[in-house]
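**Q** Okay, so here is final12.cif, and as you'll see once you scroll down, it has mmCIF, C-alpha atoms.
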```
data_input
loop_
_atom_site.label_atom_id
_atom_site.label_comp_id
_atom_site.auth_asym_id
_atom_site.auth_seq_id
_atom_site.Cartn_x
_atom_site.Cartn_y
_atom_site.Cartn_z
CA MET A 205 -16.08 -25.97 61.31
CA LYS A 206 -19.79 -25.37 60.63
CA LEU A 207 -22.96 -26.41 62.42
CA ASP A 208 -25.62 -28.31 60.54
CA SER A 209 -29.38 -27.78 61.01
CA ASN A 210 -29.32 -29.99 64.12
CA HIS A 211 -26.45 -27.94 65.57
CA HIS A 212 -23.96 -30.77 65.14
CA SER A 213 -20.49 -29.76 64.08
CA VAL A 214 -19.65 -30.61 60.49
CA PHE A 215 -16.08 -30.89 59.30
CA LEU A 216 -15.82 -29.85 55.70
CA MET A 217 -13.34 -31.82 53.64
CA HIS A 218 -10.97 -30.28 51.13
CA TYR A 219 -10.72 -31.97 47.75
CA HIS A 220 -8.42 -31.49 44.78
CA LEU A 221 -10.06 -32.35 41.47
CA VAL A 222 -8.30 -32.64 38.12
CA LEU A 223 -10.40 -32.97 34.96
CA VAL A 224 -8.72 -33.61 31.62
CA VAL A 225 -10.02 -32.73 28.15
CA LYS A 226 -10.70 -35.71 25.89
CA TYR A 227 -7.56 -36.72 23.93
CA ARG A 228 -5.75 -34.01 25.95
CA ARG A 229 -6.75 -31.47 23.29
CA LYS A 230 -5.42 -28.05 24.31
CA VAL A 231 -8.65 -26.08 24.11
CA ILE A 232 -8.79 -24.39 27.53
CA ASN A 233 -7.77 -20.74 27.44
CA ASP A 234 -8.60 -18.09 30.07
CA THR A 235 -12.07 -17.41 28.63
CA VAL A 236 -13.03 -21.09 28.48
CA SER A 237 -11.62 -21.64 31.97
CA GLU A 238 -13.65 -18.74 33.33
CA ARG A 239 -16.82 -20.18 31.81
CA LEU A 240 -15.99 -23.67 33.15
CA ARG A 241 -15.58 -22.17 36.62
CA GLU A 242 -18.89 -20.30 36.30
CA ILE A 243 -20.69 -23.55 35.44
CA PHE A 244 -18.95 -25.31 38.36
CA GLU A 245 -20.02 -22.56 40.75
CA ASN A 246 -23.62 -22.72 39.49
CA ILE A 247 -23.90 -26.46 40.21
CA ALA A 248 -21.76 -26.62 43.37
CA PRO A 249 -24.29 -25.18 45.89
CA ASN A 250 -26.73 -28.02 45.10
CA TYR A 251 -24.08 -30.38 46.51
CA ASN A 252 -22.86 -28.14 49.37
CA ILE A 253 -19.59 -27.56 47.54
CA THR A 254 -17.56 -24.34 47.60
CA VAL A 255 -14.68 -23.52 45.25
CA GLU A 256 -11.51 -22.40 46.99
CA GLU A 257 -8.99 -22.31 44.12
CA TRP A 258 -9.26 -22.76 40.37
CA ASN A 259 -6.61 -23.01 37.71
CA HIS A 260 -6.14 -24.49 34.28
CA ASP A 261 -3.64 -25.58 31.71
CA GLY A 262 -4.41 -26.02 28.01
CA ASP A 263 -5.84 -29.51 28.47
CA HIS A 264 -7.01 -29.74 32.09
CA ILE A 265 -8.37 -27.89 35.10
CA HIS A 266 -7.44 -28.04 38.77
CA VAL A 267 -10.03 -27.25 41.41
CA LEU A 268 -9.56 -27.08 45.14
CA PHE A 269 -12.97 -27.21 46.78
CA LYS A 270 -14.62 -27.75 50.14
CA GLY A 271 -17.44 -30.20 50.57
CA HIS A 272 -19.48 -31.98 53.17
CA PRO A 273 -18.00 -35.45 53.88
CA ASN A 274 -21.24 -37.14 52.79
CA THR A 275 -21.67 -35.11 49.59
CA GLN A 276 -22.23 -37.42 46.62
CA LEU A 277 -19.09 -36.36 44.80
CA SER A 278 -19.37 -38.73 41.85
CA LYS A 279 -22.92 -37.46 41.18
CA PHE A 280 -21.69 -33.88 41.36
CA ILE A 281 -18.70 -34.53 39.08
CA ASN A 282 -20.87 -36.33 36.52
CA ALA A 283 -23.47 -33.54 36.60
CA TYR A 284 -20.71 -30.97 36.16
CA LYS A 285 -18.97 -32.86 33.36
CA SER A 286 -22.13 -33.32 31.31
CA ALA A 287 -23.44 -29.76 31.82
CA SER A 288 -20.07 -28.15 31.11
CA SER A 289 -19.43 -30.40 28.09
CA ARG A 290 -22.76 -29.44 26.55
CA LEU A 291 -22.47 -25.71 27.28
CA ILE A 292 -18.81 -25.29 26.31
CA LYS A 293 -19.31 -27.03 22.97
CA LYS A 294 -22.39 -24.92 22.29
CA GLU A 295 -20.79 -21.59 23.31
CA PHE A 296 -17.34 -22.16 21.79
CA PRO A 297 -17.83 -23.55 18.26
CA GLN A 298 -14.06 -23.81 17.69
CA ILE A 299 -13.95 -26.47 20.44
CA ARG A 300 -16.68 -28.44 18.72
CA LYS A 301 -14.38 -28.71 15.70
CA SER A 302 -11.59 -30.20 17.86
CA LEU A 303 -13.92 -32.63 19.62
CA TRP A 304 -16.51 -33.40 16.97
CA LYS A 305 -19.21 -35.71 18.41
CA GLU A 306 -17.04 -36.30 21.46
CA MET A 307 -17.64 -35.40 25.07
CA PHE A 308 -15.51 -32.47 26.17
CA TRP A 309 -13.99 -34.31 29.15
CA SER A 310 -12.05 -37.53 29.31
CA ARG A 311 -13.97 -40.31 31.13
CA SER A 312 -11.44 -40.49 33.93
CA PHE A 313 -10.69 -37.84 36.51
CA CYS A 314 -8.49 -37.49 39.56
CA LEU A 315 -10.05 -36.60 42.91
CA LEU A 316 -7.91 -36.43 46.03
CA THR A 317 -8.81 -35.55 49.56
CA THR A 318 -6.24 -33.08 50.76
CA GLY A 319 -6.44 -33.99 54.43
CA GLY A 320 -2.80 -35.06 54.60
CA ALA A 321 -1.36 -32.01 52.85
CA ASN A 322 -1.31 -28.50 54.14
CA ILE A 323 -4.01 -26.49 52.34
CA ASP A 324 -1.55 -23.69 51.51
CA THR A 325 0.77 -26.21 49.84
CA ILE A 326 -2.07 -27.48 47.64
CA ARG A 327 -3.21 -23.92 46.95
CA ARG A 328 0.32 -22.97 45.83
CA TYR A 329 0.51 -26.09 43.65
CA ILE A 330 -2.80 -25.24 41.95
CA GLU A 331 -1.81 -21.58 41.54
CA THR A 332 1.36 -22.58 39.69
CA GLN A 333 -0.43 -24.87 37.22
CA GLY A 334 -0.32 -23.42 33.75
CA GLU A 335 2.87 -21.46 34.45
CA LYS A 336 5.81 -22.31 32.25
CA LYS A 337 8.29 -24.40 34.23
#
```
Show me, as structure tokens, the structure contained in the file I just sent.

**A**
Amino acid sequence: MKLDSNHHSVFLMHYHLVLVVKYRRKVINDTVSERLREIFENIAPNYNITVEEWNHDGDHIHVLFKGHPNTQLSKFINAYKSASSRLIKKEFPQIRKSLWKEMFWSRSFCLLTTGGANIDTIRRYIETQGEKK
């Protein structure tokens, strides 16, 4: 629990976000994932968001993050998706070939509040993404 500027207690919410690459193209390797996380962490403070866990598979990322309950999450996600799409395609030309003229991310995304699940359970789930089953 944190105190806001008026010394009221603020309960931060935990969220689990899954973003999928357009057409599920498998273009996310460790280097791309690292850069995607860097971009996320550059934008997150503007929305009072903190990354807790990050993982990826070839065609999607999983992020466990903390945010203020009244954070404008859809604005943040849209800002992140457009910034990361632009930068990733510019910095990784091989991806531009796979997604010529397309946005990097699929239009849809999955965002869950993790209030019902134990944070360690979610963290373990995210940590195991990308491992061969």

**Q** Enumerate, as a list in words, the residues matched when the PyMOL selection byres ((chain A and resi 271) around 6) is run on the file above.

**A**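 On this input, the PyMOL selection byres ((chain A and resi 271) around 6) captures Leu216, Met217, Asn252, Ile253, Lys270 and His272 of chain A.
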
**Q** Using the selection just defined, write its residues with C-alpha atoms as a PDB file, in the coordinates of the input.

**A**
```
ATOM      1  CA  LEU A 216     -15.820 -29.850  55.700  1.00  0.00           C
ATOM      2  CA  MET A 217     -13.340 -31.820  53.640  1.00  0.00           C
ATOM      3  CA  ASN A 252     -22.860 -28.140  49.370  1.00  0.00           C
ATOM      4  CA  ILE A 253     -19.590 -27.560  47.540  1.00  0.00           C
ATOM      5  CA  LYS A 270     -14.620 -27.750  50.140  1.00  0.00           C
ATOM      6  CA  HIS A 272     -19.480 -31.980  53.170  1.00  0.00           C
TER       7      HIS A 272
END
```

**Q** Just the number, please: distance in Å from atom CA of A:Thr325 to atom CA of A:Thr254, one decimal.

**A**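 These atoms are spaced 18.6 Å apart.
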
**Q** Using only C-alpha atoms, find the one residue out of A:Glu306, A:Ile299, A:Lys293, A:Gly262 that sits nearest to A:Lys230.

**A** A:Gly262

**Q** When distances are computed from only C-alpha atoms, which of A:His266, A:Arg241, A:His260, A:His218 shows the smallest separation from A:Cys314?

**A**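 Going through A:His266, A:Arg241, A:His260, A:His218 one by one, the smallest distance to A:Cys314 is for A:His266.
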
**Q** What do you get, as a ChimeraX atom specification, if you spell out every residue that the PyMOL selection byres ((chain A and resi 224) around 8) selects here?

**A** /A:222-223,225-226,228,263-265,309-310,312-313

**Q** Closest to A:Phe269 among A:Tyr284, A:Tyr219, A:Tyr329, A:Trp304, using only C-alpha atoms?

**A**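 Under the stated criterion, the closest residue is A:Tyr219.
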